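Participant: The structure under discussion is supplied below as structure tokens; questions concerning it will follow.
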Amino acid sequence: MSHTNSIAAPPGLPPNFVAFATGGTGEWTSIAETRQYTNAFIIQEGKILLGYKKRGFGLGKYNGFGGKVDPGETPAEAAVRELQEEAGISAPLEHTGTLVFLLDTVPWTFHIDVYSAREFTGEPIETDEMRPEWFALPSDIAGAAFVSDLPQIPYETMWADDVYWMRHLLQGIPFVGRCDFEKDGLEGEGSKIVRWWFGAPRHT
Ligand SMILES: CNc1ncnc2c1ncn2[C@@H]1O[C@H](COP(=O)(O)OP(=O)(O)OP(=O)(O)O)[C@@H](O)[C@H]1O
């Protein structure tokens, strides 16, 4: 029997969340060393700011802005710093989600605190690491604020797990999740999700 379809959250996630998307096969990979990361998204009336990653981990993918939490820094401080460094803007970021990733090609576990803000100051600028671009929120979430002349969120060019939690993020619903990835056998750093579990707070 696979553990991944069970209602109980997998190792590495906080308690008191109820699954809204689970799947895959096999046992959860055991967690050894954990490293802290951040990921920040600006979500406004009808649109979301994503960055195209120009170098390093996640090259060629769209993602929020973020990176490693430095020693002596809180995740919230790191999130603000990384947003400034990678997109040139400041924002009152609020914690919205927690993601845990294991890749069979990386010996540590990624613990990612996900932040979002509805406003920001400054002008998004392209940096050495990221190229910021706006995308339209889906029309059922945006309602009257739907922006028809922006591209749709490019899930095919994002990490494969993003599609599971993005609607929670866009609606400001807290979420947690875990995914175990394995190399997909293709050239490069391509990987596929082999088991996943996403949950929202019990009362929603
Ligand atoms: C596996 N599934 C995943 N799905 C979505 N997002 C993922 C992710 N795995 C990592 N991430 C994000 O990728 C960035 C890496 O950060 P990364 O560029 O390595 O850090 P940092 O900017 O400190 O690096 P430099 O050393 O400056 O290049 C960071 O935002 C982190 O949250």
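In the structure tokens, each chain is lettered A, B, ... as it comes, each chain's residues begin at 1, and ligands are numbered from 1 in order of appearance.
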Step by step, measure atom-to-atom distances between ligand 1 and each residue using only C-alpha atoms and all ligand atoms, keep those at most 7 Å, then write them as a list of chain:residue names.

Facilitator: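 Residues lying within 7 Å of ligand 1: A:Tyr37, A:Thr38, A:Asn39, A:Gly56, A:Phe57, A:Gly58, A:Asn63, A:Gly64, A:Phe65, A:Gly66, A:Gly67, A:Lys68, A:Glu82, A:Phe101, A:Leu103, A:Phe110, A:Ile112, A:Trp159, A:Asp161, A:Asp162.
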
Participant: Report as a ChimeraX atom specification all protein, DNA and RNA residues lying within 12 Å of Pro154 (chain A), evaluated on only C-alpha atoms, omitting residues in the same chain fewer than 3 positions from it.

Facilitator: /A:48-52,60-63,133-138,150-151,157-160,162-163,166

Participant: Compile the contact shell of Arg35 (chain A) as a list in words: residues with an atom at most 12 Å away, counting only C-alpha atoms, same-chain residues fewer than 5 positions apart removed.

Facilitator: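 So, after excluding close chain neighbours, the residues are Gly67, Lys68, Val69, Asp70, Pro71, Pro75, Leu99, Val100, Phe101, Leu102, Val106, Pro107, Trp108, Thr109, Phe110, His111, Ile112 and Asp113 of chain A.
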
Participant: Mind dumping the selected residues with N, CA and C atoms as a short mmCIF file (atom, residue, chain, number, x, y, z; two decimals), in the first residue's frame?

Facilitator:
data_model
loop_
_atom_site.label_atom_id
_atom_site.label_comp_id
_atom_site.auth_asym_id
_atom_site.auth_seq_id
_atom_site.Cartn_x
_atom_site.Cartn_y
_atom_site.Cartn_z
N GLY A 67 15.24 32.70 -2.93
CA GLY A 67 16.52 32.01 -2.90
C GLY A 67 16.80 31.49 -1.51
N LYS A 68 18.07 31.30 -1.23
CA LYS A 68 18.47 30.71 0.04
C LYS A 68 18.31 31.71 1.19
N VAL A 69 17.91 31.21 2.34
CA VAL A 69 17.92 32.01 3.57
C VAL A 69 19.36 32.02 4.09
N ASP A 70 19.92 33.22 4.26
CA ASP A 70 21.31 33.33 4.72
C ASP A 70 21.40 33.09 6.22
N PRO A 71 22.59 32.68 6.72
CA PRO A 71 22.77 32.52 8.17
C PRO A 71 22.43 33.81 8.91
N PRO A 75 13.46 33.64 7.51
CA PRO A 75 12.91 33.46 6.16
C PRO A 75 12.20 34.71 5.66
N LEU A 99 6.40 24.73 1.38
CA LEU A 99 6.61 23.63 0.44
C LEU A 99 7.89 22.88 0.80
N VAL A 100 7.82 21.57 0.70
CA VAL A 100 8.98 20.72 0.95
C VAL A 100 9.22 19.89 -0.30
N PHE A 101 10.45 19.98 -0.82
CA PHE A 101 10.79 19.24 -2.03
C PHE A 101 11.99 18.36 -1.80
N LEU A 102 11.93 17.15 -2.32
CA LEU A 102 13.10 16.29 -2.37
C LEU A 102 13.35 15.92 -3.82
N VAL A 106 19.61 15.82 -5.64
CA VAL A 106 20.13 16.80 -4.67
C VAL A 106 20.11 16.17 -3.28
N PRO A 107 21.23 16.20 -2.53
CA PRO A 107 21.30 15.47 -1.26
C PRO A 107 20.60 16.15 -0.08
N TRP A 108 20.09 17.37 -0.24
CA TRP A 108 19.37 18.01 0.85
C TRP A 108 17.90 18.20 0.48
N THR A 109 17.10 18.48 1.51
CA THR A 109 15.68 18.75 1.32
C THR A 109 15.46 20.25 1.23
N PHE A 110 14.67 20.68 0.24
CA PHE A 110 14.32 22.09 0.10
C PHE A 110 13.11 22.38 0.97
N HIS A 111 13.26 23.32 1.90
CA HIS A 111 12.11 23.80 2.67
C HIS A 111 11.87 25.23 2.21
N ILE A 112 10.74 25.47 1.57
CA ILE A 112 10.50 26.77 0.93
C ILE A 112 9.31 27.46 1.60
N ASP A 113 9.57 28.63 2.18
CA ASP A 113 8.48 29.47 2.68
C ASP A 113 8.01 30.36 1.54
#

Participant: List every residue of region 1-174 of chain A that DSSP, applied to the backbone of this structure, places in strand (DSSP E), and write the result as a PyMOL selection string.

Facilitator: chain A and resi 17-24+34-44+47-53+62-63+94-103+109-117+130-136

Participant: Would you save the residues of that selection, restricted to C-alpha atoms, as a PDB file, in the first residue's frame?

Facilitator:
ATOM      1  CA  PHE A  17      -3.780  20.516   7.171  1.00  0.00           C
ATOM      2  CA  VAL A  18      -6.311  18.592   5.091  1.00  0.00           C
ATOM      3  CA  ALA A  19      -5.256  17.142   1.750  1.00  0.00           C
ATOM      4  CA  PHE A  20      -6.660  18.736  -1.392  1.00  0.00           C
ATOM      5  CA  ALA A  21      -4.375  17.026  -3.937  1.00  0.00           C
ATOM      6  CA  THR A  22      -2.353  13.861  -3.510  1.00  0.00           C
ATOM      7  CA  GLY A  23      -0.967  11.231  -5.830  1.00  0.00           C
ATOM      8  CA  GLY A  24       1.914   9.179  -7.122  1.00  0.00           C
ATOM      9  CA  THR A  34      17.057  20.531   5.259  1.00  0.00           C
ATOM     10  CA  ARG A  35      17.924  23.866   3.643  1.00  0.00           C
ATOM     11  CA  GLN A  36      15.715  26.935   3.861  1.00  0.00           C
ATOM     12  CA  TYR A  37      14.560  28.894   0.801  1.00  0.00           C
ATOM     13  CA  THR A  38      12.007  31.580   0.028  1.00  0.00           C
ATOM     14  CA  ASN A  39       9.690  32.233  -2.888  1.00  0.00           C
ATOM     15  CA  ALA A  40       7.731  35.491  -3.243  1.00  0.00           C
ATOM     16  CA  PHE A  41       4.859  36.443  -5.532  1.00  0.00           C
ATOM     17  CA  ILE A  42       3.207  39.796  -6.257  1.00  0.00           C
ATOM     18  CA  ILE A  43      -0.498  39.289  -6.936  1.00  0.00           C
ATOM     19  CA  GLN A  44      -2.596  42.272  -7.967  1.00  0.00           C
ATOM     20  CA  LYS A  47      -2.387  39.682 -12.559  1.00  0.00           C
ATOM     21  CA  ILE A  48       0.650  37.974 -11.029  1.00  0.00           C
ATOM     22  CA  LEU A  49       4.336  38.833 -11.382  1.00  0.00           C
ATOM     23  CA  LEU A  50       6.622  35.905 -12.188  1.00  0.00           C
ATOM     24  CA  GLY A  51      10.315  35.846 -13.000  1.00  0.00           C
ATOM     25  CA  TYR A  52      12.036  33.952 -15.785  1.00  0.00           C
ATOM     26  CA  LYS A  53      15.110  32.323 -14.194  1.00  0.00           C
ATOM     27  CA  TYR A  62       9.122  30.881 -14.486  1.00  0.00           C
ATOM     28  CA  ASN A  63       8.854  31.127 -10.704  1.00  0.00           C
ATOM     29  CA  GLU A  94       2.932  37.768   4.039  1.00  0.00           C
ATOM     30  CA  HIS A  95       3.550  34.089   4.618  1.00  0.00           C
ATOM     31  CA  THR A  96       1.096  32.089   2.480  1.00  0.00           C
ATOM     32  CA  GLY A  97       2.520  28.596   2.068  1.00  0.00           C
ATOM     33  CA  THR A  98       5.131  26.026   2.974  1.00  0.00           C
ATOM     34  CA  LEU A  99       6.606  23.634   0.439  1.00  0.00           C
ATOM     35  CA  VAL A 100       8.977  20.717   0.950  1.00  0.00           C
ATOM     36  CA  PHE A 101      10.787  19.237  -2.033  1.00  0.00           C
ATOM     37  CA  LEU A 102      13.104  16.287  -2.368  1.00  0.00           C
ATOM     38  CA  LEU A 103      15.000  15.686  -5.596  1.00  0.00           C
ATOM     39  CA  THR A 109      15.678  18.750   1.319  1.00  0.00           C
ATOM     40  CA  PHE A 110      14.319  22.093   0.100  1.00  0.00           C
ATOM     41  CA  HIS A 111      12.113  23.802   2.668  1.00  0.00           C
ATOM     42  CA  ILE A 112      10.497  26.771   0.935  1.00  0.00           C
ATOM     43  CA  ASP A 113       8.478  29.466   2.684  1.00  0.00           C
ATOM     44  CA  VAL A 114       6.135  31.008   0.124  1.00  0.00           C
ATOM     45  CA  TYR A 115       5.174  34.681   0.517  1.00  0.00           C
ATOM     46  CA  SER A 116       2.811  36.965  -1.323  1.00  0.00           C
ATOM     47  CA  ALA A 117       1.890  40.636  -1.393  1.00  0.00           C
ATOM     48  CA  MET A 130      15.455  36.965 -13.219  1.00  0.00           C
ATOM     49  CA  ARG A 131      13.356  38.684 -15.899  1.00  0.00           C
ATOM     50  CA  PRO A 132      10.019  39.817 -14.345  1.00  0.00           C
ATOM     51  CA  GLU A 133       6.847  39.422 -16.428  1.00  0.00           C
ATOM     52  CA  TRP A 134       3.137  39.847 -15.653  1.00  0.00           C
ATOM     53  CA  PHE A 135       0.627  37.057 -16.300  1.00  0.00           C
ATOM     54  CA  ALA A 136      -3.168  37.055 -16.166  1.00  0.00           C
TER      55      ALA A 136
END

Participant: Based on DSSP run over this structure's backbone, return all residues of region 12-83 of chain A in helix (DSSP H, G or I), as a PyMOL selection string.

Facilitator: chain A and resi 75-83

Participant: Could you give me, as a VMD selection string, the residues within 8 Å of Ala91 (chain A), counting only C-alpha atoms and dropping anything in the same chain fewer than 5 positions from it?

Facilitator: chain A and resid 80 117 119 to 121
